[in-house]
file data_38.json (JSON, C-alpha atoms)
[["chain", "number", "residue", "atom", "x", "y", "z"],
["A", 251, "MET", "CA", 79.89, 26.16, -12.05],
["A", 252, "SER", "CA", 76.35, 25.80, -13.53],
["A", 253, "THR", "CA", 74.99, 28.28, -16.00],
["A", 254, "PRO", "CA", 71.84, 30.05, -14.68],
["A", 255, "LEU", "CA", 68.65, 29.53, -16.70],
["A", 256, "PRO", "CA", 67.25, 32.50, -18.58],
["A", 257, "VAL", "CA", 64.55, 34.34, -16.67],
["A", 258, "SER", "CA", 61.88, 33.59, -19.29],
["A", 259, "ARG", "CA", 62.54, 29.83, -19.09],
["A", 260, "THR", "CA", 62.37, 29.92, -15.26],
["A", 261, "ILE", "CA", 58.97, 31.60, -15.38],
["A", 262, "ALA", "CA", 57.69, 29.08, -17.90],
["A", 263, "LEU", "CA", 58.73, 26.14, -15.72],
["A", 264, "ALA", "CA", 57.05, 27.70, -12.68],
["A", 265, "LEU", "CA", 53.78, 28.27, -14.55],
["A", 266, "GLY", "CA", 53.83, 24.66, -15.79],
["A", 267, "ALA", "CA", 54.23, 23.35, -12.26],
["A", 268, "LEU", "CA", 51.31, 25.48, -11.05],
["A", 269, "ALA", "CA", 49.11, 24.21, -13.89],
["A", 270, "ALA", "CA", 49.93, 20.58, -13.06],
["A", 271, "LEU", "CA", 49.11, 21.20, -9.39],
["A", 272, "ALA", "CA", 45.78, 22.79, -10.29],
["A", 273, "LEU", "CA", 44.87, 19.87, -12.57],
["A", 274, "THR", "CA", 45.67, 17.35, -9.83],
["A", 275, "PHE", "CA", 43.51, 19.26, -7.32],
["A", 276, "SER", "CA", 40.63, 19.50, -9.81],
["A", 277, "CYS", "CA", 40.68, 15.76, -10.49],
["A", 278, "HIS", "CA", 40.71, 15.01, -6.77],
["A", 279, "GLU", "CA", 37.69, 17.26, -6.18],
["A", 280, "SER", "CA", 35.62, 15.77, -9.03],
["A", 281, "SER", "CA", 36.05, 12.23, -7.71],
["A", 282, "SER", "CA", 33.86, 12.94, -4.64],
["A", 283, "SER", "CA", 30.96, 15.23, -5.51],
["A", 284, "PRO", "CA", 29.09, 16.48, -2.42],
["A", 285, "THR", "CA", 25.77, 15.99, -4.24],
["A", 286, "SER", "CA", 26.31, 12.29, -4.89],
["A", 287, "PRO", "CA", 23.64, 10.16, -3.11],
["A", 288, "SER", "CA", 24.76, 7.76, -0.43],
["A", 289, "GLY", "CA", 23.18, 4.86, 1.42],
["A", 290, "THR", "CA", 20.42, 2.45, 0.42],
["A", 291, "ALA", "CA", 16.65, 2.61, 0.61],
["A", 292, "THR", "CA", 13.74, 0.25, 1.17],
["A", 293, "VAL", "CA", 10.67, 0.99, -0.94],
["A", 294, "THR", "CA", 7.25, -0.19, 0.23],
["A", 295, "GLY", "CA", 4.43, 0.74, -2.07],
["A", 296, "THR", "CA", 1.19, 0.01, -3.84],
["A", 297, "VAL", "CA", 0.55, -0.04, -7.58],
["A", 298, "ILE", "CA", -2.95, 1.19, -8.40],
["A", 299, "LEU", "CA", -4.95, 1.68, -11.58],
["A", 300, "GLY", "CA", -4.49, 5.20, -12.90],
["A", 301, "ALA", "CA", -7.34, 7.24, -14.36],
["A", 302, "GLY", "CA", -6.83, 7.72, -18.10],
["A", 303, "ALA", "CA", -3.63, 8.91, -19.73],
["A", 304, "SER", "CA", -2.75, 11.12, -16.75],
["A", 305, "GLY", "CA", -1.88, 8.09, -14.64],
["A", 306, "ALA", "CA", -3.44, 9.76, -11.58],
["A", 307, "ALA", "CA", -6.19, 8.35, -9.38],
["A", 308, "ALA", "CA", -8.48, 10.08, -6.89],
["A", 309, "GLN", "CA", -8.07, 9.22, -3.21],
["A", 310, "GLY", "CA", -10.71, 6.73, -2.12],
["A", 311, "MET", "CA", -11.14, 5.27, -5.63],
["A", 312, "GLU", "CA", -7.96, 3.20, -5.85],
["A", 313, "ILE", "CA", -7.88, -0.28, -7.38],
["A", 314, "GLY", "CA", -4.78, -2.29, -6.50],
["A", 315, "LEU", "CA", -3.08, -4.00, -9.46],
["A", 316, "SER", "CA", -1.77, -7.52, -8.88],
["A", 317, "GLY", "CA", 0.91, -9.32, -10.87],
["A", 318, "VAL", "CA", 2.80, -6.17, -11.82],
["A", 319, "THR", "CA", 6.59, -6.52, -11.95],
["A", 320, "VAL", "CA", 8.21, -3.53, -10.28],
["A", 321, "ARG", "CA", 11.94, -3.01, -10.77],
["A", 322, "VAL", "CA", 14.61, -0.34, -10.59],
["A", 323, "VAL", "CA", 15.93, 0.37, -14.09],
["A", 324, "GLY", "CA", 19.62, -0.35, -14.55],
["A", 325, "GLY", "CA", 19.97, -3.68, -12.81],
["A", 326, "GLY", "CA", 18.27, -2.82, -9.52],
["A", 327, "PRO", "CA", 16.04, -5.09, -7.39],
["A", 328, "SER", "CA", 12.58, -6.21, -8.54],
["A", 329, "ALA", "CA", 9.35, -7.55, -7.04],
["A", 330, "VAL", "CA", 5.86, -8.62, -8.15],
["A", 331, "THR", "CA", 2.79, -6.99, -6.60],
["A", 332, "ASP", "CA", 0.45, -9.15, -4.50],
["A", 333, "ALA", "CA", -3.33, -9.39, -4.80],
["A", 334, "SER", "CA", -3.74, -5.92, -3.27],
["A", 335, "GLY", "CA", -1.07, -4.28, -5.44],
["A", 336, "ASN", "CA", 1.52, -4.11, -2.66],
["A", 337, "PHE", "CA", 5.26, -4.64, -3.10],
["A", 338, "THR", "CA", 8.58, -4.16, -1.27],
["A", 339, "LEU", "CA", 12.03, -3.49, -2.75],
["A", 340, "ASN", "CA", 15.15, -3.74, -0.60],
["A", 341, "GLY", "CA", 18.65, -2.45, -1.28],
["A", 342, "VAL", "CA", 17.68, 0.33, -3.68],
["A", 343, "PRO", "CA", 20.35, 3.05, -4.09],
["A", 344, "ALA", "CA", 19.30, 6.32, -2.42],
["A", 345, "GLY", "CA", 18.83, 9.28, -4.75],
["A", 346, "THR", "CA", 16.77, 9.67, -7.92],
["A", 347, "VAL", "CA", 16.06, 6.32, -9.60],
["A", 348, "GLU", "CA", 13.78, 5.28, -12.44],
["A", 349, "MET", "CA", 11.22, 2.61, -11.66],
["A", 350, "GLU", "CA", 9.59, 0.37, -14.22],
["A", 351, "PHE", "CA", 6.13, -1.25, -13.99],
["A", 352, "SER", "CA", 5.33, -4.07, -16.38],
["A", 353, "ARG", "CA", 2.53, -6.55, -17.01],
["A", 354, "ALA", "CA", 0.86, -7.84, -20.16],
["A", 355, "ASP", "CA", -1.19, -4.62, -20.34],
["A", 356, "ILE", "CA", 1.30, -2.28, -18.64],
["A", 357, "ASN", "CA", 4.72, -0.95, -19.63],
["A", 358, "ALA", "CA", 5.45, 2.30, -17.77],
["A", 359, "ARG", "CA", 8.36, 4.11, -16.16],
["A", 360, "ALA", "CA", 8.66, 7.05, -13.77],
["A", 361, "PRO", "CA", 11.42, 8.67, -11.71],
["A", 362, "VAL", "CA", 11.30, 8.87, -7.91],
["A", 363, "LEU", "CA", 13.57, 10.49, -5.33],
["A", 364, "LEU", "CA", 14.44, 8.10, -2.50],
["A", 365, "VAL", "CA", 16.10, 8.86, 0.82],
["A", 366, "SER", "CA", 18.14, 6.43, 2.90],
["A", 367, "GLY", "CA", 15.83, 4.26, 4.98],
["A", 368, "THR", "CA", 12.20, 3.38, 4.30],
["A", 369, "ASN", "CA", 10.18, 5.14, 1.58],
["A", 370, "ALA", "CA", 6.39, 4.64, 1.20],
["A", 371, "ILE", "CA", 5.00, 5.38, -2.26],
["A", 372, "THR", "CA", 1.92, 4.90, -4.42],
["A", 373, "ALA", "CA", 2.30, 4.37, -8.17],
["A", 374, "ALA", "CA", -0.79, 5.14, -10.26],
["A", 375, "VAL", "CA", -0.27, 3.32, -13.57],
["A", 376, "HIS", "CA", -2.22, 3.38, -16.82],
["A", 377, "GLY", "CA", -0.77, 1.78, -19.95],
["A", 378, "SER", "CA", 2.58, 3.46, -20.59],
["A", 379, "THR", "CA", 2.10, 6.22, -18.01],
["A", 380, "ALA", "CA", 2.99, 6.15, -14.31],
["A", 381, "VAL", "CA", 2.70, 8.79, -11.59],
["A", 382, "ILE", "CA", 4.52, 8.14, -8.32],
["A", 383, "THR", "CA", 3.51, 9.96, -5.14],
["A", 384, "PRO", "CA", 5.08, 9.69, -1.65],
["A", 385, "ARG", "CA", 2.11, 8.17, 0.14],
["A", 386, "GLY", "CA", 1.50, 5.31, 2.47],
["A", 387, "HIS", "CA", -1.67, 3.28, 2.28],
["A", 388, "ALA", "CA", -3.44, 3.99, -1.00],
["A", 389, "GLY", "CA", -6.93, 2.75, -0.27],
["A", 390, "GLU", "CA", -10.17, 3.74, 1.37],
["A", 391, "GLU", "CA", -10.58, 4.05, 5.14],
["A", 392, "ILE", "CA", -13.82, 2.41, 6.29],
["A", 393, "GLU", "CA", -15.21, 2.32, 9.82],
["A", 394, "GLY", "CA", -18.52, 1.01, 11.04],
["A", 395, "LEU", "CA", -20.60, -1.81, 12.47],
["A", 396, "VAL", "CA", -20.59, -5.30, 10.97],
["A", 397, "GLN", "CA", -23.98, -6.23, 9.52],
["A", 398, "SER", "CA", -23.02, -9.76, 8.40],
["A", 399, "ASN", "CA", -20.03, -12.10, 8.09],
["A", 400, "SER", "CA", -20.17, -14.90, 5.53],
["A", 401, "ALA", "CA", -18.06, -16.57, 2.83],
["A", 402, "GLY", "CA", -14.93, -14.62, 3.66],
["A", 403, "SER", "CA", -16.51, -11.18, 3.45],
["A", 404, "LEU", "CA", -18.10, -8.61, 5.74],
["A", 405, "VAL", "CA", -20.97, -6.23, 5.20],
["A", 406, "VAL", "CA", -20.20, -3.02, 7.10],
["A", 407, "LEU", "CA", -22.36, 0.04, 7.71],
["A", 408, "ASP", "CA", -20.07, 3.05, 7.34],
["A", 409, "GLN", "CA", -21.57, 6.43, 8.30],
["A", 410, "ARG", "CA", -19.91, 8.13, 5.33],
["A", 411, "LEU", "CA", -20.08, 5.45, 2.60],
["A", 412, "GLY", "CA", -23.23, 3.64, 3.67],
["A", 413, "THR", "CA", -23.43, -0.15, 3.44],
["A", 414, "VAL", "CA", -20.32, -1.66, 1.83],
["A", 415, "THR", "CA", -19.04, -5.19, 1.24],
["A", 416, "ILE", "CA", -15.53, -5.98, 2.47],
["A", 417, "THR", "CA", -13.87, -8.99, 0.83],
["A", 418, "THR", "CA", -10.65, -10.63, 2.05],
["A", 419, "ASN", "CA", -7.85, -12.79, 0.67],
["A", 420, "GLY", "CA", -4.71, -14.50, 1.93],
["A", 421, "SER", "CA", -2.88, -11.18, 2.19],
["A", 422, "THR", "CA", -5.49, -9.48, 4.38],
["A", 423, "LEU", "CA", -4.22, -8.70, 7.89],
["A", 424, "ILE", "CA", -6.96, -9.15, 10.50],
["A", 425, "ARG", "CA", -6.11, -8.18, 14.05],
["A", 426, "ARG", "CA", -7.38, -7.07, 17.42],
["A", 427, "GLY", "CA", -4.76, -4.82, 18.95],
["A", 428, "ASN", "CA", -1.45, -6.47, 18.08],
["A", 429, "THR", "CA", -2.94, -9.98, 17.93],
["A", 430, "THR", "CA", -3.79, -11.61, 14.60],
["A", 431, "ILE", "CA", -7.25, -13.20, 14.59],
["A", 432, "PRO", "CA", -9.33, -15.21, 12.08],
["A", 433, "LEU", "CA", -12.18, -13.50, 10.24],
["A", 434, "SER", "CA", -14.61, -15.84, 12.02],
["A", 435, "ASN", "CA", -13.92, -13.98, 15.28],
["A", 436, "ILE", "CA", -15.71, -10.93, 13.91],
["A", 437, "THR", "CA", -19.45, -11.13, 14.53],
["A", 438, "VAL", "CA", -22.50, -9.00, 13.79],
["A", 439, "GLY", "CA", -22.56, -5.77, 15.80],
["A", 440, "MET", "CA", -18.81, -5.46, 16.22],
["A", 441, "ARG", "CA", -17.09, -2.27, 15.08],
["A", 442, "VAL", "CA", -14.21, -2.52, 12.62],
["A", 443, "HIS", "CA", -11.75, -0.15, 11.01],
["A", 444, "VAL", "CA", -10.80, -1.29, 7.49],
["A", 445, "LYS", "CA", -8.13, -0.28, 5.00],
["A", 446, "ALA", "CA", -9.19, -1.47, 1.57],
["A", 447, "MET", "CA", -8.97, -1.08, -2.20],
["A", 448, "LEU", "CA", -12.08, -0.41, -4.27],
["A", 449, "LEU", "CA", -12.97, -3.32, -6.53],
["A", 450, "SER", "CA", -16.27, -2.14, -7.99],
["A", 451, "GLY", "CA", -19.35, -0.27, -6.85],
["A", 452, "SER", "CA", -19.50, -0.64, -3.07],
["A", 453, "THR", "CA", -17.25, -3.72, -2.87],
["A", 454, "PHE", "CA", -13.73, -3.39, -1.44],
["A", 455, "LEU", "CA", -10.78, -5.74, -0.99],
["A", 456, "ALA", "CA", -9.38, -5.33, 2.52],
["A", 457, "THR", "CA", -5.65, -5.05, 3.11],
["A", 458, "GLU", "CA", -6.17, -4.69, 6.87],
["A", 459, "ILE", "CA", -9.10, -5.14, 9.26],
["A", 460, "LEU", "CA", -8.82, -3.86, 12.82],
["A", 461, "LEU", "CA", -11.43, -5.14, 15.27],
["A", 462, "GLN", "CA", -12.38, -2.43, 17.74],
["A", 463, "ASP", "CA", -13.74, -2.97, 21.23],
["A", 464, "GLU", "CA", -17.13, -1.33, 20.76],
["A", 465, "ASN", "CA", -20.00, -3.81, 20.34],
["A", 466, "VAL", "CA", -23.73, -3.34, 20.00],
["A", 467, "GLY", "CA", -25.14, -2.88, 23.49],
["A", 468, "GLY", "CA", -21.79, -1.74, 24.82],
["A", 469, "GLU", "CA", -21.10, 1.57, 26.53],
["A", 470, "ARG", "CA", -20.25, 4.54, 24.35],
["A", 471, "GLU", "CA", -19.46, 8.20, 25.05],
["A", 472, "VAL", "CA", -19.54, 11.00, 22.50],
["A", 473, "GLU", "CA", -18.59, 14.64, 22.75],
["A", 474, "GLY", "CA", -18.94, 17.47, 20.27],
["A", 475, "SER", "CA", -21.21, 20.16, 18.88],
["A", 476, "VAL", "CA", -24.84, 19.65, 17.87],
["A", 477, "ALA", "CA", -25.16, 19.72, 14.07],
["A", 478, "SER", "CA", -28.93, 19.11, 13.82],
["A", 479, "VAL", "CA", -31.95, 18.33, 15.98],
["A", 480, "ASP", "CA", -34.94, 16.11, 15.16],
["A", 481, "ILE", "CA", -37.65, 17.16, 17.61],
["A", 482, "GLY", "CA", -40.14, 14.51, 16.44],
["A", 483, "ALA", "CA", -37.71, 11.62, 16.91],
["A", 484, "LYS", "CA", -36.12, 13.24, 19.98],
["A", 485, "SER", "CA", -32.68, 12.71, 18.52],
["A", 486, "PHE", "CA", -29.78, 14.93, 17.47],
["A", 487, "VAL", "CA", -26.56, 14.63, 15.49],
["A", 488, "VAL", "CA", -23.23, 15.39, 17.17],
["A", 489, "THR", "CA", -20.15, 16.37, 15.17],
["A", 490, "THR", "CA", -17.21, 14.52, 16.76],
["A", 491, "VAL", "CA", -13.56, 14.14, 15.80],
["A", 492, "ALA", "CA", -14.47, 10.72, 14.34],
["A", 493, "GLY", "CA", -17.38, 12.10, 12.31],
["A", 494, "PRO", "CA", -21.12, 12.67, 12.86],
["A", 495, "ILE", "CA", -22.87, 10.48, 15.47],
["A", 496, "THR", "CA", -26.63, 10.29, 15.95],
["A", 497, "VAL", "CA", -27.75, 10.43, 19.59],
["A", 498, "LYS", "CA", -31.22, 9.09, 20.37],
["A", 499, "THR", "CA", -33.10, 9.79, 23.58],
["A", 500, "ASP", "CA", -36.15, 8.31, 25.30],
["A", 501, "SER", "CA", -38.15, 8.76, 28.51],
["A", 502, "SER", "CA", -35.26, 7.33, 30.56],
["A", 503, "THR", "CA", -32.69, 9.87, 29.32],
["A", 504, "THR", "CA", -31.64, 12.52, 31.84],
["A", 505, "PHE", "CA", -30.52, 16.00, 30.77],
["A", 506, "LYS", "CA", -28.29, 18.46, 32.60],
["A", 507, "LYS", "CA", -27.20, 21.95, 31.67],
["A", 508, "LYS", "CA", -24.47, 23.67, 33.68],
["A", 509, "GLY", "CA", -25.16, 21.41, 36.66],
["A", 510, "ALA", "CA", -28.94, 21.96, 36.68],
["A", 511, "SER", "CA", -31.74, 19.76, 35.39],
["A", 512, "ALA", "CA", -32.65, 20.30, 31.74],
["A", 513, "THR", "CA", -34.87, 18.83, 29.01],
["A", 514, "PHE", "CA", -34.54, 17.81, 25.36],
["A", 515, "SER", "CA", -35.61, 21.34, 24.35],
["A", 516, "ASP", "CA", -32.28, 22.62, 25.73],
["A", 517, "VAL", "CA", -30.44, 20.73, 23.00],
["A", 518, "VAL", "CA", -29.99, 23.29, 20.22],
["A", 519, "MET", "CA", -27.78, 23.53, 17.15],
["A", 520, "GLY", "CA", -24.25, 24.67, 17.97],
["A", 521, "ALA", "CA", -24.40, 23.63, 21.63],
["A", 522, "MET", "CA", -21.55, 21.55, 23.02],
["A", 523, "VAL", "CA", -22.77, 18.28, 24.49],
["A", 524, "GLU", "CA", -21.56, 15.07, 26.08],
["A", 525, "ALA", "CA", -23.68, 11.94, 25.79],
["A", 526, "GLU", "CA", -23.32, 8.57, 27.52],
["A", 527, "GLY", "CA", -25.31, 5.55, 26.45],
["A", 528, "THR", "CA", -25.37, 2.24, 24.59],
["A", 529, "LEU", "CA", -24.30, 1.57, 21.02],
["A", 530, "GLN", "CA", -27.14, 0.59, 18.65],
["A", 531, "SER", "CA", -26.95, -1.68, 15.58],
["A", 532, "ASP", "CA", -27.31, 1.30, 13.22],
["A", 533, "GLY", "CA", -24.30, 3.03, 14.77],
["A", 534, "SER", "CA", -26.31, 5.51, 16.83],
["A", 535, "ILE", "CA", -26.19, 5.99, 20.61],
["A", 536, "LEU", "CA", -29.22, 5.58, 22.86],
["A", 537, "ALA", "CA", -28.33, 8.15, 25.51],
["A", 538, "ARG", "CA", -28.66, 7.52, 29.19],
["A", 539, "ASN", "CA", -27.26, 10.91, 30.18],
["A", 540, "VAL", "CA", -26.86, 14.11, 28.13],
["A", 541, "THR", "CA", -24.82, 17.02, 29.49],
["A", 542, "ILE", "CA", -25.19, 20.38, 27.75],
["A", 543, "GLU", "CA", -22.33, 22.87, 28.10]]
call {"tool": "encode", "arguments": {"input": "data_38.json", "output": "structure tokens"}}
result
Amino acid sequence: MSTPLPVSRTIALALGALAALALTFSCHESSSSPTSPSGTATVTGTVILGAGASGAAAQGMEIGLSGVTVRVVGGGPSAVTDASGNFTLNGVPAGTVEMEFSRADINARAPVLLVSGTNAITAAVHGSTAVITPRGHAGEEIEGLVQSNSAGSLVVLDQRLGTVTITTNGSTLIRRGNTTIPLSNITVGMRVHVKAMLLSGSTFLATEILLQDENVGGEREVEGSVASVDIGAKSFVVTTVAGPITVKTDSSTTFKKKGASATFSDVVMGAMVEAEGTLQSDGSILARNVTIE
């Protein structure tokens, strides 16, 4: 017949078993934290020249930095930026990672939070400072009529920036719709939409040139409110979703207002108008018909 254990010893053994169970449960929980990142990310980005020690750069004044080695600190993937400052990293762990940017004149690091899938960023770098922002294309958006095409560059008249020079290189994507075309297919009078990096002054390096279908002498329709009227020139400026467009009229232009005949004097500031006509080389429209709401 066994001798029963003292009550105090029985309690001690029970408490020890509970403590061991709690420790085992705690270790099991810590091995799979719910905040741990999972999955991998692809990073597509552009490294641009930052402004001063802040490492930031104003939109529309970005200069792409070529030859910069971009890598994920701690043995992650790396890539070297192309002539426009663009790079792509594949297989980056999702979560917060530290990215390093290095060149002879650059040695900077900055953290970035990545989600599983594709992440588009811009890194503004200056010396040892880097600022990363979740943006896509980092350059200027230019749209206007081609004034000349020579030696691998275009001169474009943009209504906002004025006359600018668009240079190209081997990385520039030139297309019409989804079809890639040579730069030689773009002729004077054609309208282009350009994504580009500022090089200096009014010269830009294009990352993408999209040829639009509107040519000088082609049909064009505009709709919007009248921003200003030039009685002497018999022209007016229309504010459209794409920006201000100058509408010119002549003796052949017909005017209508609420279904009735009208004249140029019925075009007043603030009025809603629709104009149909032909595109001119300066980007204006020579109206054939003007309808005033």
call {"tool": "atom_distance", "arguments": {"input": "data_38.json", "atom1": "atom CA of Ser366 of chain A", "atom2": "atom CA of Glu350 of chain A"}}
result
20.1 Å
call {"tool": "residues_near_point", "arguments": {"input": "data_38.json", "point": "(-18.3, -12.0, 12.1)", "cutoff": "8 Å", "atoms": "all atoms listed in the file", "output": "PyMOL selection string"}}
result
chain A and resi 396+398-400+404+433-438+440
call {"tool": "closest_residue", "arguments": {"input": "data_38.json", "among": "A:Leu455, A:Ile431, A:Val297, A:Met349", "to": "Thr331 of chain A", "atoms": "only C-alpha atoms"}}
result
A:Val297
call {"tool": "residues_around", "arguments": {"input": "data_38.json", "residues": "segment 506-523 of chain A", "least_positions_apart": "5", "cutoff": "12 Å", "atoms": "all atoms listed in the file", "output": "PyMOL selection string"}}
result
chain A and resi 471-490+495+497-501+537-543
call {"tool": "closest_residue", "arguments": {"input": "data_38.json", "among": "A:Ile371, A:Leu423, A:Leu460, A:Leu536", "to": "Val442 of chain A", "atoms": "all atoms listed in the file"}}
result
A:Leu460
call {"tool": "closest_residue", "arguments": {"input": "data_38.json", "among": "A:Ala329, A:Leu395, A:Leu529, A:Ile313", "to": "Leu407 of chain A", "atoms": "all atoms listed in the file"}}
result
A:Leu395
call {"tool": "atom_distance", "arguments": {"input": "data_38.json", "atom1": "atom CA of Arg425 of chain A", "atom2": "atom CA of Gly468 of chain A"}}
result
20.1 Å
call {"tool": "atom_distance", "arguments": {"input": "data_38.json", "atom1": "atom CA of Asn340 of chain A", "atom2": "atom CA of Val444 of chain A"}}
result
27.3 Å
call {"tool": "residues_around", "arguments": {"input": "data_38.json", "residues": "Gly317 of chain A", "least_positions_apart": "4", "cutoff": "7 Å", "atoms": "all atoms listed in the file", "output": "PyMOL selection string"}}
result
chain A and resi 330-332+353
call {"tool": "closest_residue", "arguments": {"input": "data_38.json", "among": "A:Thr379, A:Thr430, A:Thr290, A:Asn419", "to": "Gly345 of chain A", "atoms": "only C-alpha atoms"}}
result
A:Thr290
call {"tool": "residues_around", "arguments": {"input": "data_38.json", "residues": "Leu363 of chain A", "least_positions_apart": "3", "cutoff": "12 Å", "atoms": "only C-alpha atoms", "output": "JSON, numbers by chain"}}
result
{"A": [287, 291, 293, 342, 343, 344, 345, 346, 347, 348, 349, 360, 366, 369, 370, 371, 382, 383, 384]}
call {"tool": "closest_residue", "arguments": {"input": "data_38.json", "among": "A:Gly402, A:Pro494, A:Gly377, A:Gly314", "to": "Thr296 of chain A", "atoms": "only C-alpha atoms"}}
result
A:Gly314
